[in-house]
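Okay, model32.txt now, which holds compact mmCIF, C-alpha atoms:
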```
# COMPACT_ATOMS: atom_id res chain seq x y z
CA MET B 1409 -39.73 34.17 -44.94
CA ALA B 1410 -38.93 35.20 -41.34
CA VAL B 1411 -42.55 34.67 -40.26
CA MET B 1412 -42.64 31.24 -41.91
CA LEU B 1413 -39.43 30.22 -40.16
CA GLU B 1414 -40.70 31.41 -36.79
CA ASP B 1415 -43.89 29.40 -37.34
CA SER B 1416 -41.74 26.35 -38.10
CA PHE B 1417 -39.75 26.90 -34.90
CA ARG B 1418 -42.93 27.00 -32.80
CA ARG B 1419 -44.39 23.92 -34.50
CA VAL B 1420 -41.24 21.93 -33.84
CA LEU B 1421 -41.17 22.89 -30.16
CA ALA B 1422 -44.87 22.12 -29.77
CA ARG B 1423 -44.45 18.71 -31.41
CA PHE B 1424 -41.34 17.95 -29.34
CA ASP B 1425 -43.16 18.74 -26.09
CA GLU B 1426 -46.19 16.74 -27.23
CA LEU B 1427 -44.00 13.71 -27.95
CA GLY B 1428 -42.31 14.03 -24.56
CA ASP B 1429 -45.67 14.04 -22.79
CA THR B 1430 -46.94 11.07 -24.82
CA LEU B 1431 -43.82 8.99 -24.14
CA ALA B 1432 -43.98 9.84 -20.45
CA SER B 1433 -47.58 8.61 -20.32
CA GLY B 1434 -46.47 5.01 -20.81
CA VAL B 1435 -47.14 4.25 -24.49
CA GLU B 1436 -45.80 0.83 -25.52
CA GLY B 1437 -45.02 -1.43 -28.45
CA GLU B 1438 -44.50 -0.26 -32.02
CA LYS B 1439 -46.01 3.13 -31.25
CA PHE B 1440 -43.38 3.68 -28.54
CA VAL B 1441 -40.59 2.78 -31.00
CA ALA B 1442 -41.93 5.14 -33.69
CA LEU B 1443 -42.49 8.04 -31.29
CA SER B 1444 -39.10 7.53 -29.64
CA LYS B 1445 -37.41 7.73 -33.04
CA GLU B 1446 -39.25 10.95 -33.91
CA TYR B 1447 -38.43 12.39 -30.46
CA ALA B 1448 -34.72 11.59 -30.90
CA GLU B 1449 -34.70 13.24 -34.35
CA LEU B 1450 -36.37 16.40 -33.05
CA GLU B 1451 -34.32 16.67 -29.85
CA PRO B 1452 -31.25 18.41 -31.36
CA VAL B 1453 -33.51 20.70 -33.43
CA ALA B 1454 -35.57 21.66 -30.38
CA GLY B 1455 -32.37 22.25 -28.43
CA ALA B 1456 -31.04 24.54 -31.15
CA ILE B 1457 -34.30 26.54 -31.26
CA ARG B 1458 -34.29 26.97 -27.48
CA SER B 1459 -30.66 28.12 -27.58
CA LEU B 1460 -31.67 30.67 -30.21
CA ASP B 1461 -34.61 31.84 -28.09
CA SER B 1462 -32.31 32.19 -25.08
CA ALA B 1463 -29.76 34.20 -27.08
CA ARG B 1464 -32.51 36.49 -28.41
CA ARG B 1465 -33.84 37.13 -24.90
CA GLU B 1466 -30.34 37.92 -23.64
CA TYR B 1467 -29.81 40.26 -26.60
CA ALA B 1468 -33.05 42.12 -25.81
CA ASP B 1469 -32.17 42.34 -22.09
CA LEU B 1470 -28.72 43.75 -22.87
CA GLU B 1471 -30.22 46.29 -25.24
CA ALA B 1472 -32.67 47.39 -22.54
CA LEU B 1473 -29.85 47.61 -20.00
CA MET B 1474 -27.81 49.83 -22.32
CA ASP B 1475 -30.80 52.11 -22.98
CA ASP B 1476 -31.64 52.47 -19.29
CA PRO B 1477 -30.33 55.84 -18.03
CA ALA B 1478 -30.02 54.32 -14.54
CA THR B 1479 -27.31 51.89 -15.72
CA ASP B 1480 -23.87 52.98 -14.49
CA SER B 1481 -20.97 53.31 -16.96
CA GLU B 1482 -19.16 50.14 -15.85
CA MET B 1483 -22.28 48.00 -16.21
CA ARG B 1484 -23.09 49.65 -19.58
CA ALA B 1485 -19.61 48.84 -20.88
CA LEU B 1486 -19.99 45.18 -19.90
CA ALA B 1487 -23.46 45.08 -21.44
CA GLU B 1488 -22.16 46.61 -24.68
CA GLU B 1489 -19.40 43.99 -24.92
CA ASP B 1490 -21.88 41.12 -24.60
CA TYR B 1491 -24.41 42.89 -26.82
CA TYR B 1492 -22.05 43.22 -29.80
CA ARG B 1493 -20.76 39.69 -29.26
CA LEU B 1494 -24.32 38.37 -29.49
CA LYS B 1495 -25.04 40.61 -32.46
CA ARG B 1496 -22.22 38.81 -34.33
CA GLU B 1497 -23.25 35.34 -33.12
CA LEU B 1498 -27.03 35.51 -33.64
CA PRO B 1499 -26.96 35.13 -37.46
CA GLU B 1500 -24.75 32.03 -37.07
CA ILE B 1501 -27.10 30.55 -34.46
CA GLU B 1502 -30.12 31.28 -36.67
CA LEU B 1503 -28.38 29.62 -39.63
CA LYS B 1504 -27.66 26.49 -37.56
CA VAL B 1505 -31.33 26.27 -36.63
CA GLN B 1506 -32.40 26.70 -40.26
CA ILE B 1507 -30.02 23.93 -41.32
CA ALA B 1508 -31.34 21.69 -38.56
CA LEU B 1509 -34.87 22.27 -39.91
CA LEU B 1510 -34.00 21.23 -43.46
CA PRO B 1511 -35.70 17.96 -44.43
CA LYS B 1512 -33.23 15.11 -44.12
CA ASP B 1513 -32.36 12.72 -46.87
CA ALA B 1514 -34.27 9.61 -45.83
CA ASP B 1515 -31.25 7.48 -46.73
CA ASP B 1516 -28.59 9.46 -44.84
CA ASP B 1517 -28.52 7.07 -41.89
CA LYS B 1518 -28.17 4.01 -44.10
CA SER B 1519 -25.12 1.90 -44.74
CA ALA B 1520 -23.89 1.90 -48.34
CA ILE B 1521 -22.65 -0.15 -51.25
CA LEU B 1522 -19.47 1.30 -52.76
CA GLU B 1523 -18.57 0.54 -56.37
CA VAL B 1524 -15.25 1.66 -57.89
CA ARG B 1525 -14.40 0.93 -61.53
CA ALA B 1526 -11.47 1.74 -63.77
CA GLY B 1527 -12.41 4.18 -66.53
CA THR B 1528 -10.38 5.73 -69.33
CA GLY B 1529 -6.66 5.07 -69.10
CA GLY B 1530 -5.97 1.36 -69.31
CA GLU B 1531 -3.72 -0.17 -66.65
CA GLU B 1532 -3.08 3.20 -64.99
CA ALA B 1533 -6.83 3.70 -64.55
CA ALA B 1534 -7.01 0.30 -62.86
CA LEU B 1535 -4.13 1.23 -60.54
CA PHE B 1536 -5.88 4.48 -59.63
CA ALA B 1537 -9.16 2.62 -59.02
CA ALA B 1538 -7.25 0.39 -56.58
CA ASP B 1539 -5.87 3.49 -54.84
CA LEU B 1540 -9.37 4.97 -54.47
CA PHE B 1541 -10.79 1.70 -53.17
CA ALA B 1542 -8.00 1.58 -50.56
CA MET B 1543 -8.65 5.25 -49.66
CA TYR B 1544 -12.30 4.51 -48.87
CA GLN B 1545 -11.30 1.43 -46.89
CA ARG B 1546 -9.00 3.58 -44.76
CA TYR B 1547 -11.73 6.23 -44.39
CA ALA B 1548 -14.18 3.59 -43.18
CA ALA B 1549 -11.64 2.42 -40.59
CA LEU B 1550 -11.16 6.01 -39.36
CA LYS B 1551 -14.94 6.36 -38.95
CA GLY B 1552 -15.32 3.02 -37.19
CA TRP B 1553 -17.38 1.58 -40.05
CA ARG B 1554 -17.21 -2.06 -41.21
CA PHE B 1555 -15.79 -2.39 -44.72
CA GLU B 1556 -16.52 -5.73 -46.41
CA VAL B 1557 -15.12 -6.42 -49.87
CA MET B 1558 -17.85 -8.11 -51.88
CA GLU B 1559 -16.22 -8.20 -55.29
CA ALA B 1560 -12.73 -7.40 -56.54
CA SER B 1561 -11.65 -7.92 -60.13
CA GLU B 1562 -7.92 -7.30 -60.03
CA THR B 1563 -5.25 -6.89 -62.70
CA GLY B 1564 -1.90 -8.60 -62.65
CA ILE B 1565 0.09 -5.65 -61.28
CA GLY B 1566 -2.16 -4.55 -58.44
CA GLY B 1567 -4.78 -2.63 -60.37
CA LEU B 1568 -8.53 -2.95 -59.91
CA LYS B 1569 -10.92 -3.28 -62.83
CA GLU B 1570 -13.88 -3.27 -60.47
CA GLY B 1571 -14.29 -3.27 -56.70
CA VAL B 1572 -17.51 -3.52 -54.73
CA ALA B 1573 -17.75 -3.18 -50.95
CA SER B 1574 -20.44 -3.07 -48.31
CA ILE B 1575 -19.81 -0.31 -45.76
CA ASN B 1576 -21.84 -0.62 -42.59
CA GLY B 1577 -22.13 1.97 -39.86
CA SER B 1578 -23.98 5.05 -38.71
CA GLY B 1579 -24.47 7.76 -41.34
CA VAL B 1580 -22.31 6.11 -44.00
CA PHE B 1581 -24.41 7.25 -46.96
CA ALA B 1582 -24.73 10.80 -45.58
CA ARG B 1583 -20.98 11.33 -45.99
CA LEU B 1584 -20.02 9.08 -48.88
CA LYS B 1585 -22.84 10.04 -51.28
CA TYR B 1586 -20.77 13.05 -52.40
CA GLU B 1587 -18.11 10.68 -53.75
CA SER B 1588 -20.28 9.45 -56.62
CA GLY B 1589 -18.92 10.50 -59.98
CA VAL B 1590 -15.79 10.45 -62.11
CA HIS B 1591 -12.46 10.89 -60.35
CA ARG B 1592 -9.56 11.96 -62.57
CA VAL B 1593 -5.88 11.39 -61.84
CA GLN B 1594 -2.83 13.09 -63.33
CA ARG B 1595 0.48 11.42 -62.56
CA VAL B 1596 3.43 9.51 -63.98
CA PRO B 1597 2.26 5.88 -64.09
CA GLU B 1598 4.37 3.11 -62.57
CA THR B 1599 4.28 1.52 -66.02
CA GLU B 1600 5.68 4.65 -67.74
CA ASN B 1601 9.41 4.69 -68.46
CA SER B 1602 9.67 8.10 -70.12
CA GLY B 1603 8.38 10.09 -67.13
CA ARG B 1604 5.39 11.53 -68.99
CA ILE B 1605 2.33 12.56 -66.97
CA HIS B 1606 -0.77 10.59 -67.91
CA THR B 1607 -4.41 11.43 -67.28
CA SER B 1608 -6.72 8.58 -66.32
CA ALA B 1609 -10.08 8.18 -64.64
CA ALA B 1610 -12.09 5.93 -62.38
CA THR B 1611 -15.79 5.98 -61.57
CA VAL B 1612 -17.25 5.81 -58.08
CA ALA B 1613 -20.86 4.99 -57.22
CA VAL B 1614 -22.21 5.07 -53.67
CA LEU B 1615 -25.62 3.45 -53.27
CA PRO B 1616 -27.74 3.44 -50.10
CA GLU B 1617 -28.00 -0.11 -48.85
CA ALA B 1618 -31.57 -1.33 -49.25
CA GLU B 1619 -33.36 -3.55 -46.78
CA ASP B 1620 -35.99 -6.10 -47.69
CA VAL B 1621 -38.66 -3.59 -46.70
CA ASP B 1622 -37.21 -0.93 -49.00
CA ILE B 1623 -37.41 -2.83 -52.26
CA ASP B 1624 -39.59 -5.78 -53.24
CA ILE B 1625 -37.98 -8.15 -55.73
CA ASN B 1626 -40.20 -10.64 -57.51
CA GLU B 1627 -38.38 -13.98 -57.85
CA ASN B 1628 -40.07 -14.43 -61.24
CA ASP B 1629 -38.17 -11.36 -62.47
CA LEU B 1630 -34.81 -13.02 -61.83
CA ARG B 1631 -32.70 -15.30 -63.99
CA ILE B 1632 -30.07 -17.05 -61.88
CA ASP B 1633 -27.12 -18.77 -63.52
CA VAL B 1634 -24.45 -20.76 -61.68
CA PHE B 1635 -21.01 -21.49 -63.07
CA ARG B 1636 -17.51 -22.40 -62.04
CA ALA B 1637 -15.59 -19.52 -60.51
CA SER B 1638 -12.36 -18.39 -62.13
CA GLY B 1639 -9.25 -16.79 -60.71
CA ALA B 1640 -7.84 -17.15 -57.20
CA GLY B 1641 -9.45 -19.51 -54.76
CA GLY B 1642 -7.61 -22.80 -54.97
CA GLN B 1643 -8.76 -26.06 -56.45
CA HIS B 1644 -12.23 -25.80 -54.94
CA VAL B 1645 -13.43 -23.07 -57.28
CA ASN B 1646 -12.46 -25.14 -60.29
CA ARG B 1647 -14.43 -28.20 -59.22
CA THR B 1648 -17.77 -26.76 -58.15
CA GLU B 1649 -20.30 -24.38 -59.67
CA SER B 1650 -20.21 -21.89 -56.79
CA ALA B 1651 -20.28 -18.63 -58.75
CA VAL B 1652 -23.64 -16.93 -59.23
CA ARG B 1653 -24.91 -14.50 -61.85
CA ILE B 1654 -28.29 -12.85 -61.24
CA THR B 1655 -30.07 -10.94 -64.01
CA HIS B 1656 -33.00 -8.72 -63.15
CA LEU B 1657 -35.05 -9.14 -66.31
CA PRO B 1658 -37.22 -5.97 -66.17
CA THR B 1659 -34.21 -3.65 -65.85
CA GLY B 1660 -31.41 -5.73 -67.34
CA ILE B 1661 -29.24 -5.21 -64.26
CA VAL B 1662 -26.70 -8.04 -63.91
CA VAL B 1663 -24.78 -8.90 -60.73
CA SER B 1664 -22.14 -11.62 -60.49
CA GLN B 1665 -20.48 -13.01 -57.37
CA GLN B 1666 -17.76 -15.63 -57.10
CA ASP B 1667 -15.64 -14.60 -54.12
CA GLU B 1668 -17.16 -17.16 -51.74
CA LYS B 1669 -16.76 -20.93 -52.03
CA SER B 1670 -20.43 -21.37 -51.16
CA GLN B 1671 -23.03 -20.85 -53.86
CA HIS B 1672 -25.49 -19.82 -51.14
CA LYS B 1673 -23.15 -17.08 -49.85
CA ASN B 1674 -22.44 -15.81 -53.36
CA ARG B 1675 -26.16 -15.61 -54.07
CA ALA B 1676 -26.78 -13.70 -50.83
CA LYS B 1677 -24.05 -11.19 -51.70
CA ALA B 1678 -25.32 -10.79 -55.25
CA MET B 1679 -28.86 -10.16 -53.99
CA LYS B 1680 -27.56 -7.51 -51.59
CA ILE B 1681 -25.87 -5.64 -54.44
CA LEU B 1682 -28.87 -6.09 -56.74
CA ARG B 1683 -31.23 -4.77 -54.08
CA ALA B 1684 -29.03 -1.67 -53.59
CA ARG B 1685 -28.85 -1.02 -57.34
CA LEU B 1686 -32.61 -1.37 -57.78
CA TYR B 1687 -33.27 0.84 -54.77
CA ASP B 1688 -30.87 3.46 -56.08
CA ARG B 1689 -32.54 3.31 -59.49
CA GLU B 1690 -35.95 3.88 -57.90
CA ARG B 1691 -34.57 6.62 -55.66
CA GLN B 1692 -33.10 8.51 -58.60
CA MET B 1693 -36.27 8.22 -60.66
CA LEU B 1694 -38.21 9.81 -57.81
CA ASP B 1695 -35.62 12.48 -57.01
CA SER B 1696 -35.21 14.98 -59.85
CA GLU B 1697 -32.24 16.61 -58.11
CA ARG B 1698 -30.24 13.45 -58.65
CA ALA B 1699 -29.30 11.94 -61.97
CA ALA B 1700 -32.14 10.41 -63.96
CA ASP B 1701 -30.50 7.02 -63.86
CA ARG B 1702 -27.46 5.32 -62.44
CA LYS B 1703 -25.32 5.83 -65.53
CA ALA B 1704 -25.70 9.61 -65.25
CA GLN B 1705 -24.53 9.43 -61.64
CA VAL B 1706 -21.12 8.06 -62.48
CA GLY B 1707 -20.79 9.10 -66.11
CA SER B 1708 -19.05 7.05 -68.75
CA GLY B 1709 -15.62 7.09 -67.13
CA ASP B 1710 -14.31 9.50 -69.76
CA ARG B 1711 -11.60 11.93 -68.62
CA SER B 1712 -13.69 14.99 -69.54
CA GLU B 1713 -16.44 14.10 -67.05
CA ARG B 1714 -15.16 14.62 -63.55
CA ILE B 1715 -16.08 15.73 -60.07
CA ARG B 1716 -12.52 15.70 -58.74
CA THR B 1717 -8.94 15.75 -60.00
CA TYR B 1718 -5.94 14.26 -58.19
CA ASN B 1719 -2.77 15.90 -59.53
CA PHE B 1720 0.20 14.07 -58.03
CA PRO B 1721 3.04 16.17 -59.54
CA GLN B 1722 1.51 19.31 -58.00
CA GLY B 1723 0.40 17.52 -54.83
CA ARG B 1724 -3.14 18.85 -55.13
CA VAL B 1725 -6.69 17.57 -55.09
CA SER B 1726 -9.38 19.75 -56.70
CA ASP B 1727 -13.11 19.23 -56.32
CA HIS B 1728 -14.69 20.90 -59.34
CA ARG B 1729 -18.21 21.13 -57.90
CA ILE B 1730 -17.21 23.69 -55.28
CA ASN B 1731 -13.92 24.98 -56.76
CA LEU B 1732 -12.00 23.63 -53.77
CA THR B 1733 -8.30 22.82 -54.00
CA LEU B 1734 -6.21 21.19 -51.27
CA TYR B 1735 -2.47 20.74 -51.50
CA LYS B 1736 -2.69 17.63 -49.35
CA ILE B 1737 -2.85 14.79 -51.84
CA ALA B 1738 -0.98 12.32 -49.61
CA ASP B 1739 -3.32 13.05 -46.69
CA VAL B 1740 -6.39 12.74 -48.92
CA MET B 1741 -5.25 9.38 -50.30
CA MET B 1742 -4.58 8.21 -46.73
CA ALA B 1743 -8.15 9.41 -45.98
CA THR B 1744 -7.07 11.61 -43.06
CA ALA B 1745 -7.94 14.78 -45.05
CA LEU B 1746 -10.95 13.45 -46.95
CA ASP B 1747 -13.32 15.19 -44.53
CA GLU B 1748 -11.77 18.50 -45.59
CA ILE B 1749 -13.46 17.90 -48.96
CA ILE B 1750 -16.64 16.25 -47.74
CA GLU B 1751 -17.49 18.90 -45.12
CA PRO B 1752 -17.51 21.81 -47.65
CA LEU B 1753 -19.62 19.68 -50.00
CA ILE B 1754 -22.17 19.16 -47.23
CA ALA B 1755 -22.13 22.90 -46.45
CA GLU B 1756 -22.63 23.76 -50.13
CA GLU B 1757 -25.62 21.43 -50.42
CA GLN B 1758 -27.13 22.94 -47.28
CA ALA B 1759 -26.62 26.46 -48.66
CA GLN B 1760 -28.32 25.54 -51.92
CA ARG B 1761 -31.27 24.00 -50.10
CA LEU B 1762 -31.58 27.04 -47.82
CA ALA B 1763 -31.56 29.30 -50.87
CA THR B 1764 -34.62 27.53 -52.26
CA LEU B 1765 -36.51 28.37 -49.05
CA LYS B 1766 -35.88 32.11 -49.36
```

Now that the file is in, can you turn its structure into structure tokens?
Amino acid sequence: MAVMLEDSFRRVLARFDELGDTLASGVEGEKFVALSKEYAELEPVAGAIRSLDSARREYADLEALMDDPATDSEMRALAEEDYYRLKRELPEIELKVQIALLPKDADDDKSAILEVRAGTGGEEAALFAADLFAMYQRYAALKGWRFEVMEASETGIGGLKEGVASINGSGVFARLKYESGVHRVQRVPETENSGRIHTSAATVAVLPEAEDVDIDINENDLRIDVFRASGAGGQHVNRTESAVRITHLPTGIVVSQQDEKSQHKNRAKAMKILRARLYDRERQMLDSERAADRKAQVGSGDRSERIRTYNFPQGRVSDHRINLTLYKIADVMMATALDEIIEPLIAEEQAQRLATLK
């Protein structure tokens, strides 16, 4: 394993230097763009490897200094201090380099489509779905991402049957992909007079946003229906057929949009969601580590299937995948502590992937 890793280190450095020389030679056009992207991706990895090499050389020099009988006692004491410090730090530096060498998820840098739906629990599930949707909106704002609501099917008292949003920014999918699954809540509902704690659930799906080049949709595979929009929107939605429903015939995936007054805008939004769902379906079919299909990703919305529990009476949030519990439910719902769940999930995935290399 150690020899294989060292070979990987040398190959990365050799490729990084080769790219630097090629770019400096004056290459242009599409080749320049492609090589520049590869160079930028390898730059932090090459930097980490060189830092490791430097630490190893310093470690060897300190060891030699300590073993040299000509070294005076004061110098030996200083050398020993640095030597044992490096001895503790080297495994951490090596781990960082190994993590940097792990193959990246090709979709990590993409923006994402977020879908939140009420599951088991009636009106309380819809209220919780609305709370989750708002949590992700706040998280996007904290990260400087653009959060655009594409669809929101609301209940009369502020709940959310279904909410769909486009989240655009750098590395959105890399962080939010861990949110896919069933989220369970335990609390006294606003609609409960007796003070009993209820358990409800909502499902979350995070799909990498697909570009035209990622997924090819044949127009002949689509059935497009237009109809009059219902709900809020003023008199206009009642007079014109602006709402759009697109059915992808080969897969049976159906997307409806009616939030915009323009049929053209609703169609564009529906196609964006459809493209993401088809891309996610293809991605999951190719990736055996993920669920076999989209339904498996989010489950049925039943209370027994869950990735996370939000217990309001106890003030805790528990992520069942990594046995992590935080007593910061208010901060999590405000999104300021959401990274305290996401970061350990990222670390756990990295650890599992590293284990497969050993």

Minimum-distance residue to Glu1587 of chain B, chosen among B:Glu1751, B:Asp1490, B:Asp1513, B:Glu1559 (using all atoms listed in the file): B:Glu1751

Compile the contact shell of segment 1561-1563 of chain B as a list in words: residues with an atom at most 9 Å away, counting only C-alpha atoms, same-chain residues fewer than 3 positions apart removed.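 Once the adjacent positions are removed, what remains is Glu1531, Ala1534, Leu1535, Ala1538, Gly1566, Gly1567, Leu1568, Lys1569, Glu1570 and Gly1571 of chain B.
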
Keeping only C-alpha atoms, take the residues you just selected and write them out as a short mmCIF file (atom, residue, chain, number, x, y, z; two decimals), in the frame of the given file.
```cif
data_model
loop_
_atom_site.label_atom_id
_atom_site.label_comp_id
_atom_site.auth_asym_id
_atom_site.auth_seq_id
_atom_site.Cartn_x
_atom_site.Cartn_y
_atom_site.Cartn_z
CA GLU B 1531 -3.72 -0.17 -66.65
CA ALA B 1534 -7.01 0.30 -62.86
CA LEU B 1535 -4.13 1.23 -60.54
CA ALA B 1538 -7.25 0.39 -56.58
CA GLY B 1566 -2.16 -4.55 -58.44
CA GLY B 1567 -4.78 -2.63 -60.37
CA LEU B 1568 -8.53 -2.95 -59.91
CA LYS B 1569 -10.92 -3.28 -62.83
CA GLU B 1570 -13.88 -3.27 -60.47
CA GLY B 1571 -14.29 -3.27 -56.70
#
```

So, with all atoms listed in the file as the atoms that count, which of B:Ala1456, B:Val1590, B:Val1572, B:Ala1432 lies closest to Phe1417 of chain B?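 Residue with the minimum atom-to-atom distance to Phe1417 of chain B: B:Ala1456.
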
If you count all atoms listed in the file, which residues fall within 8 Å of Val1725 of chain B, apart from same-chain ones fewer than 6 positions away, as a compact mmCIF listing (two decimals) with C-alpha atoms, in the coordinates of the input?
```
# COMPACT_ATOMS: atom_id res chain seq x y z
CA ARG B 1716 -12.52 15.70 -58.74
CA THR B 1717 -8.94 15.75 -60.00
CA TYR B 1718 -5.94 14.26 -58.19
CA ASN B 1719 -2.77 15.90 -59.53
CA THR B 1733 -8.30 22.82 -54.00
CA LEU B 1734 -6.21 21.19 -51.27
CA TYR B 1735 -2.47 20.74 -51.50
CA LYS B 1736 -2.69 17.63 -49.35
CA ILE B 1737 -2.85 14.79 -51.84
CA VAL B 1740 -6.39 12.74 -48.92
```

Identify which of the residues B:Glu1426, B:Asp1739, B:Glu1556, B:Glu1500 lies closest to Asp1667 of chain B, counting all atoms listed in the file when measuring atom-to-atom distances.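 Looking at the shortest contact to Asp1667 of chain B, the residue is B:Glu1556.
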
Counting all atoms listed in the file, figure out which residue out of B:Leu1682, B:Met1742, B:Leu1427, B:Val1524 gets nearest to Ala1442 of chain B.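 Checking each candidate against Ala1442 of chain B, we get B:Leu1427 as the closest.
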
Neighbour list for Leu1421 of chain B as a list in words, cut-off 10 Å, all atoms listed in the file, skip fewer than 4 positions in-chain: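 Counting all atoms listed in the file, the residues come to Ser1416, Phe1417, Asp1425, Glu1426, Leu1427, Leu1450, Glu1451, Val1453, Ala1454, Gly1455, Ile1457 and Arg1458 of chain B.
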
Find the residues around Lys1677 of chain B up to 10 Å (all atoms listed in the file counted), leave out those fewer than 4 positions away in its own chain, and share them as a VMD selection string. chain B and resid 1558 to 1559 1574 1652 1663 to 1668 1671 to 1673 1681 to 1683

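For the pair atom CA of Leu1615 of chain B and atom CA of Tyr1586 of chain B, the separation is 10.8 Å.
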
Atomic separation - atom CA of Ala1637 of chain B relative to atom CA of Ala1651 of chain B, Å: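 Separation of atom CA of Ala1651 of chain B and atom CA of Ala1637 of chain B: 5.1 Å.
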
I'd like the interatomic distance between atom CA of Arg1675 of chain B and atom CA of Leu1630 of chain B, to a tenth of an Å. 11.9 Å

Determine, counting only C-alpha atoms, every residue of protein, DNA or RNA that lies within 10 Å of (-6.8, 7.0, -52.7) in the file coordinates, then give the result as number ranges by chain. B: 1536-1547, 1718, 1737-1743, 1746

Residues within 6 Å of (-10.9, 4.3, -62.5), counting all atoms listed in the file, listed as a ChimeraX atom specification: /B:1525-1527,1533-1534,1536-1537,1609-1611

Write the selection just made, keeping C-alpha atoms, as a CSV table (one decimal), in the frame of the given file?
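Output below, filename selection-v2.csv:
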```csv
chain,number,residue,atom,x,y,z
B,1525,ARG,CA,-14.4,0.9,-61.5
B,1526,ALA,CA,-11.5,1.7,-63.8
B,1527,GLY,CA,-12.4,4.2,-66.5
B,1533,ALA,CA,-6.8,3.7,-64.6
B,1534,ALA,CA,-7.0,0.3,-62.9
B,1536,PHE,CA,-5.9,4.5,-59.6
B,1537,ALA,CA,-9.2,2.6,-59.0
B,1609,ALA,CA,-10.1,8.2,-64.6
B,1610,ALA,CA,-12.1,5.9,-62.4
B,1611,THR,CA,-15.8,6.0,-61.6
```

With distances taken over all atoms listed in the file, which residue among B:Arg1631, B:Lys1445, B:Lys1495, B:Arg1484 lies nearest Tyr1467 of chain B?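 Under the stated criterion, the closest residue is B:Lys1495.
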
May I ask you to restore all heavy atoms in segment 1630-1634 of chain B and write the result as a PDB file, in the frame of the given file?
```
ATOM      1  N   LEU B1630     -36.232 -12.731 -61.909  1.00  0.00           N
ATOM      2  CA  LEU B1630     -34.810 -13.020 -61.830  1.00  0.00           C
ATOM      3  C   LEU B1630     -34.432 -14.235 -62.676  1.00  0.00           C
ATOM      4  O   LEU B1630     -35.155 -15.237 -62.701  1.00  0.00           O
ATOM      5  CB  LEU B1630     -34.398 -13.295 -60.378  1.00  0.00           C
ATOM      6  CG  LEU B1630     -34.671 -12.188 -59.351  1.00  0.00           C
ATOM      7  CD1 LEU B1630     -34.240 -12.651 -57.974  1.00  0.00           C
ATOM      8  CD2 LEU B1630     -33.970 -10.894 -59.734  1.00  0.00           C
ATOM      9  N   ARG B1631     -33.306 -14.129 -63.370  1.00  0.00           N
ATOM     10  CA  ARG B1631     -32.700 -15.300 -63.990  1.00  0.00           C
ATOM     11  C   ARG B1631     -31.393 -15.553 -63.251  1.00  0.00           C
ATOM     12  O   ARG B1631     -30.525 -14.670 -63.192  1.00  0.00           O
ATOM     13  CB  ARG B1631     -32.421 -15.080 -65.473  1.00  0.00           C
ATOM     14  CG  ARG B1631     -31.908 -16.378 -66.148  1.00  0.00           C
ATOM     15  CD  ARG B1631     -31.664 -16.215 -67.637  1.00  0.00           C
ATOM     16  NE  ARG B1631     -30.478 -15.413 -67.900  1.00  0.00           N
ATOM     17  CZ  ARG B1631     -30.465 -14.347 -68.685  1.00  0.00           C
ATOM     18  NH1 ARG B1631     -31.582 -13.929 -69.279  1.00  0.00           N
ATOM     19  NH2 ARG B1631     -29.346 -13.668 -68.889  1.00  0.00           N
ATOM     20  N   ILE B1632     -31.250 -16.726 -62.688  1.00  0.00           N
ATOM     21  CA  ILE B1632     -30.070 -17.050 -61.880  1.00  0.00           C
ATOM     22  C   ILE B1632     -29.270 -18.142 -62.565  1.00  0.00           C
ATOM     23  O   ILE B1632     -29.774 -19.232 -62.820  1.00  0.00           O
ATOM     24  CB  ILE B1632     -30.496 -17.482 -60.453  1.00  0.00           C
ATOM     25  CG1 ILE B1632     -31.278 -16.341 -59.774  1.00  0.00           C
ATOM     26  CG2 ILE B1632     -29.263 -17.839 -59.630  1.00  0.00           C
ATOM     27  CD1 ILE B1632     -31.842 -16.685 -58.429  1.00  0.00           C
ATOM     28  N   ASP B1633     -28.023 -17.814 -62.894  1.00  0.00           N
ATOM     29  CA  ASP B1633     -27.120 -18.770 -63.520  1.00  0.00           C
ATOM     30  C   ASP B1633     -25.989 -19.094 -62.545  1.00  0.00           C
ATOM     31  O   ASP B1633     -25.491 -18.203 -61.832  1.00  0.00           O
ATOM     32  CB  ASP B1633     -26.515 -18.182 -64.798  1.00  0.00           C
ATOM     33  CG  ASP B1633     -27.589 -17.788 -65.811  1.00  0.00           C
ATOM     34  OD1 ASP B1633     -28.415 -18.651 -66.135  1.00  0.00           O
ATOM     35  OD2 ASP B1633     -27.597 -16.615 -66.246  1.00  0.00           O
ATOM     36  N   VAL B1634     -25.598 -20.356 -62.510  1.00  0.00           N
ATOM     37  CA  VAL B1634     -24.450 -20.760 -61.680  1.00  0.00           C
ATOM     38  C   VAL B1634     -23.371 -21.302 -62.613  1.00  0.00           C
ATOM     39  O   VAL B1634     -23.659 -21.899 -63.654  1.00  0.00           O
ATOM     40  CB  VAL B1634     -24.851 -21.820 -60.638  1.00  0.00           C
ATOM     41  CG1 VAL B1634     -25.822 -21.235 -59.626  1.00  0.00           C
ATOM     42  CG2 VAL B1634     -25.467 -23.053 -61.285  1.00  0.00           C
TER      43      VAL B1634
END
```
